[in-house]
Amino acid sequence: KKFEKRAKSDNSWIVKVEGLKTLDLSAKNPNGKAEIEHKSPQQILNSIQGKDTNIRFRKDCEAIEFNFTDKKLFDLTHSYGFPIGKKGQNLEIPKLFYKNNLLKFVVQGFIATDGSLVLTKNPNKFYPRIESHNIHKELTKQIHSYLTKSGMSGHFYECKENKQDLRWKTAQKRYKFQLNGKENLLLFEKLIGFVNPKHMTRFNKFISYDEKYNKIINGLASNKVLFAVKDINTPF
């Protein structure tokens, strides 16, 4: 009876005596979560095309770059609804991803590559903001819609036109969505999750900063806050 009251966790479990004859004696919790094998990009790409794929790391943007040719994969990708050539403003998420409930993974990849986790000061404390701005109007609206339907709050709008970048022949309209605040940040990490290591590092830094900030100002007069948090605000 005493043992039955003990808390169960991934590192602690209870087995009935009558089950010991057939018990797997390895140190593995039968009630724990299944282990997931995390393959490297190299392994995934090699399994796709059945041969080694050259991958290089780009320090300028902290990303990996790979290039390979596979007609079957090309045709399969195109059959899902992805356009060939320039994507332009009409790029959108294919219906297949809605049908198979895969939008979460599309959003993960989109934020990892075209999204940002920004920290802005207002007025004495830094607050997080998840955002993205690009030329893909429909795609951006789809991502924003998925996030708001998941319980997050934010805005979608057309960016103000700035001076044309001389690198491009024509100026294209740009669109943006943003999710402000800690509540949105925590909900995003819980329901979707950051897969870009740079974003994950910034997320962890903010959580640590937020805890320290709240501890410092607890019970402190408002006119003393600015000086009290100076040291923890400096790194940002």
# chains A, B, ... in the order shown; residues from 1 in each chain; ligands from 1
>>> residues_around(residues="A:Phe82", least_positions_apart="5", cutoff="9 Å", atoms="only C-alpha atoms", output="ChimeraX atom specification")
/A:77,87,91-94
>>> residues_around(residues="stretch 210-219 of chain A", least_positions_apart="4", cutoff="12 Å", atoms="only C-alpha atoms", output="PDB file with C-alpha atoms, in the first residue's frame")
ATOM      1  CA  LEU A 119      12.997  41.329 -28.241  1.00  0.00           C
ATOM      2  CA  ASN A 124      12.075  49.340 -19.045  1.00  0.00           C
ATOM      3  CA  LYS A 125      11.537  45.681 -19.880  1.00  0.00           C
ATOM      4  CA  PHE A 126      12.179  43.638 -23.001  1.00  0.00           C
ATOM      5  CA  TYR A 127       9.181  41.863 -24.531  1.00  0.00           C
ATOM      6  CA  PRO A 128       9.172  39.106 -27.180  1.00  0.00           C
ATOM      7  CA  GLY A 181       4.093  39.238 -25.784  1.00  0.00           C
ATOM      8  CA  LYS A 182       5.090  36.418 -23.488  1.00  0.00           C
ATOM      9  CA  PHE A 203      13.609  31.845 -26.320  1.00  0.00           C
ATOM     10  CA  ASN A 204      15.546  30.315 -23.416  1.00  0.00           C
ATOM     11  CA  LYS A 205      17.411  33.572 -22.792  1.00  0.00           C
ATOM     12  CA  PHE A 206      14.143  35.496 -22.602  1.00  0.00           C
ATOM     13  CA  ASN A 223      10.942  55.001  -9.565  1.00  0.00           C
ATOM     14  CA  LYS A 224      13.679  52.505  -8.643  1.00  0.00           C
ATOM     15  CA  VAL A 225      12.987  49.902 -11.346  1.00  0.00           C
ATOM     16  CA  LEU A 226      15.112  51.480 -14.102  1.00  0.00           C
ATOM     17  CA  PHE A 227      18.293  51.425 -12.027  1.00  0.00           C
ATOM     18  CA  ALA A 228      17.579  48.007 -10.495  1.00  0.00           C
ATOM     19  CA  VAL A 229      17.234  46.208 -13.854  1.00  0.00           C
ATOM     20  CA  LYS A 230      20.076  48.011 -15.608  1.00  0.00           C
ATOM     21  CA  ASP A 231      22.493  45.077 -15.368  1.00  0.00           C
ATOM     22  CA  ILE A 232      20.140  42.424 -16.749  1.00  0.00           C
ATOM     23  CA  ASN A 233      18.930  44.725 -19.558  1.00  0.00           C
TER      24      ASN A 233
END
>>> residues_around(residues="A:Asn180", least_positions_apart="2", cutoff="8 Å", atoms="only C-alpha atoms", output="list in words")
Tyr127, Pro128, Arg129, Ile130, Ser153, Gly154, Gln178, Lys182, Asn184 and Leu185 of chain A
>>> write_last_selection(atoms="N, CA, C and O atoms", output="mmCIF file, in the first residue's frame")
data_model
loop_
_atom_site.group_PDB
_atom_site.id
_atom_site.type_symbol
_atom_site.label_atom_id
_atom_site.label_comp_id
_atom_site.auth_asym_id
_atom_site.auth_seq_id
_atom_site.Cartn_x
_atom_site.Cartn_y
_atom_site.Cartn_z
ATOM 1 N N TYR A 127 10.313 42.744 -24.255
ATOM 2 C CA TYR A 127 9.181 41.863 -24.531
ATOM 3 C C TYR A 127 9.418 41.134 -25.852
ATOM 4 O O TYR A 127 10.011 41.694 -26.785
ATOM 5 N N PRO A 128 8.947 39.884 -25.954
ATOM 6 C CA PRO A 128 9.172 39.106 -27.180
ATOM 7 C C PRO A 128 8.119 39.375 -28.259
ATOM 8 O O PRO A 128 6.980 39.740 -27.960
ATOM 9 N N ARG A 129 8.540 39.184 -29.498
ATOM 10 C CA ARG A 129 7.620 39.311 -30.628
ATOM 11 C C ARG A 129 8.021 38.313 -31.716
ATOM 12 O O ARG A 129 9.170 38.287 -32.142
ATOM 13 N N ILE A 130 7.078 37.494 -32.139
ATOM 14 C CA ILE A 130 7.295 36.570 -33.263
ATOM 15 C C ILE A 130 6.729 37.242 -34.500
ATOM 16 O O ILE A 130 5.576 37.679 -34.498
ATOM 17 N N SER A 153 -2.803 35.546 -30.513
ATOM 18 C CA SER A 153 -3.402 36.782 -30.995
ATOM 19 C C SER A 153 -2.338 37.617 -31.693
ATOM 20 O O SER A 153 -1.212 37.745 -31.204
ATOM 21 N N GLY A 154 -2.697 38.158 -32.856
ATOM 22 C CA GLY A 154 -1.732 38.953 -33.609
ATOM 23 C C GLY A 154 -2.390 39.614 -34.793
ATOM 24 O O GLY A 154 -3.594 39.466 -35.017
ATOM 25 N N GLN A 178 2.542 39.624 -36.906
ATOM 26 C CA GLN A 178 3.324 39.620 -35.676
ATOM 27 C C GLN A 178 2.478 39.204 -34.490
ATOM 28 O O GLN A 178 1.289 39.493 -34.423
ATOM 29 N N LYS A 182 4.650 37.683 -24.081
ATOM 30 C CA LYS A 182 5.090 36.418 -23.488
ATOM 31 C C LYS A 182 4.052 35.308 -23.656
ATOM 32 O O LYS A 182 4.394 34.153 -23.916
ATOM 33 N N ASN A 184 1.843 34.789 -26.043
ATOM 34 C CA ASN A 184 1.916 34.238 -27.396
ATOM 35 C C ASN A 184 3.162 33.381 -27.579
ATOM 36 O O ASN A 184 3.127 32.323 -28.219
ATOM 37 N N LEU A 185 4.272 33.840 -27.018
ATOM 38 C CA LEU A 185 5.534 33.116 -27.141
ATOM 39 C C LEU A 185 5.451 31.732 -26.512
ATOM 40 O O LEU A 185 5.850 30.729 -27.128
#
>>> residues_around(residues="A:Phe194", least_positions_apart="5", cutoff="12 Å", atoms="only C-alpha atoms", output="compact mmCIF listing (two decimals) with N, CA and C atoms, in the first residue's frame")
# COMPACT_ATOMS: atom_id res chain seq x y z
N LYS A 104 1.12 22.25 -38.79
CA LYS A 104 2.05 22.55 -37.71
C LYS A 104 3.49 22.53 -38.21
N PHE A 105 3.81 21.53 -39.03
CA PHE A 105 5.18 21.36 -39.50
C PHE A 105 5.54 22.39 -40.57
N VAL A 106 4.53 22.82 -41.33
CA VAL A 106 4.76 23.89 -42.30
C VAL A 106 5.10 25.17 -41.56
N VAL A 107 4.34 25.46 -40.50
CA VAL A 107 4.56 26.67 -39.71
C VAL A 107 5.93 26.61 -39.03
N GLN A 108 6.30 25.45 -38.51
CA GLN A 108 7.62 25.29 -37.90
C GLN A 108 8.72 25.68 -38.87
N GLY A 109 8.66 25.11 -40.08
CA GLY A 109 9.67 25.38 -41.08
C GLY A 109 9.66 26.82 -41.55
N PHE A 110 8.46 27.39 -41.68
CA PHE A 110 8.32 28.77 -42.14
C PHE A 110 8.95 29.74 -41.14
N ILE A 111 8.64 29.57 -39.86
CA ILE A 111 9.19 30.45 -38.83
C ILE A 111 10.71 30.26 -38.72
N ALA A 112 11.17 29.03 -38.88
CA ALA A 112 12.60 28.74 -38.77
C ALA A 112 13.41 29.44 -39.86
N THR A 113 12.81 29.61 -41.05
CA THR A 113 13.55 30.17 -42.18
C THR A 113 13.17 31.60 -42.52
N GLY A 115 10.94 33.53 -40.44
CA GLY A 115 10.40 34.21 -39.27
C GLY A 115 11.49 34.72 -38.36
N SER A 116 11.09 35.55 -37.40
CA SER A 116 12.05 36.12 -36.45
C SER A 116 11.45 36.12 -35.05
N LEU A 117 12.31 35.96 -34.07
CA LEU A 117 11.94 36.14 -32.66
C LEU A 117 12.69 37.38 -32.19
N ILE A 130 7.08 37.49 -32.14
CA ILE A 130 7.30 36.57 -33.26
C ILE A 130 6.73 37.24 -34.50
N LEU A 185 4.27 33.84 -27.02
CA LEU A 185 5.53 33.12 -27.14
C LEU A 185 5.45 31.73 -26.51
N LEU A 186 4.92 31.66 -25.30
CA LEU A 186 4.81 30.38 -24.60
C LEU A 186 3.84 29.43 -25.31
N LEU A 187 2.76 29.99 -25.84
CA LEU A 187 1.78 29.16 -26.54
C LEU A 187 2.36 28.63 -27.84
N PHE A 188 3.14 29.46 -28.52
CA PHE A 188 3.78 29.01 -29.76
C PHE A 188 4.75 27.87 -29.47
N GLU A 189 5.56 28.02 -28.45
CA GLU A 189 6.54 26.99 -28.11
C GLU A 189 5.83 25.69 -27.69
N HIS A 199 16.59 30.63 -32.71
CA HIS A 199 15.35 31.05 -32.06
C HIS A 199 15.20 30.38 -30.69
N MET A 200 15.58 29.11 -30.60
CA MET A 200 15.46 28.38 -29.35
C MET A 200 16.36 28.98 -28.28
N THR A 201 17.57 29.40 -28.70
CA THR A 201 18.50 30.03 -27.76
C THR A 201 17.93 31.35 -27.25
N ARG A 202 17.36 32.12 -28.16
CA ARG A 202 16.78 33.41 -27.77
C ARG A 202 15.56 33.20 -26.87
N PHE A 203 14.77 32.17 -27.15
CA PHE A 203 13.61 31.84 -26.32
C PHE A 203 14.05 31.55 -24.89
N ASN A 204 15.05 30.69 -24.74
CA ASN A 204 15.55 30.31 -23.42
C ASN A 204 16.14 31.51 -22.68
>>> closest_residue(among="A:Gly151, A:Gly88, A:Gly193, A:Pro235", to="A:Lys173", atoms="only C-alpha atoms")
A:Gly88
>>> select_by_dssp(residues="stretch 108-236 of chain A", states="alpha helix (DSSP H)", output="VMD selection string")
chain A and resid 108 to 114 137 to 149 182 to 191 197 to 217 225 to 228 230 to 233
>>> atom_distance(atom1="atom CA of A:Arg174", atom2="atom CA of A:Cys159")
5.5 Å
>>> closest_residue(among="A:His155, A:Asp70, A:Leu147, A:Ala63", to="A:Gly50", atoms="only C-alpha atoms")
A:Asp70
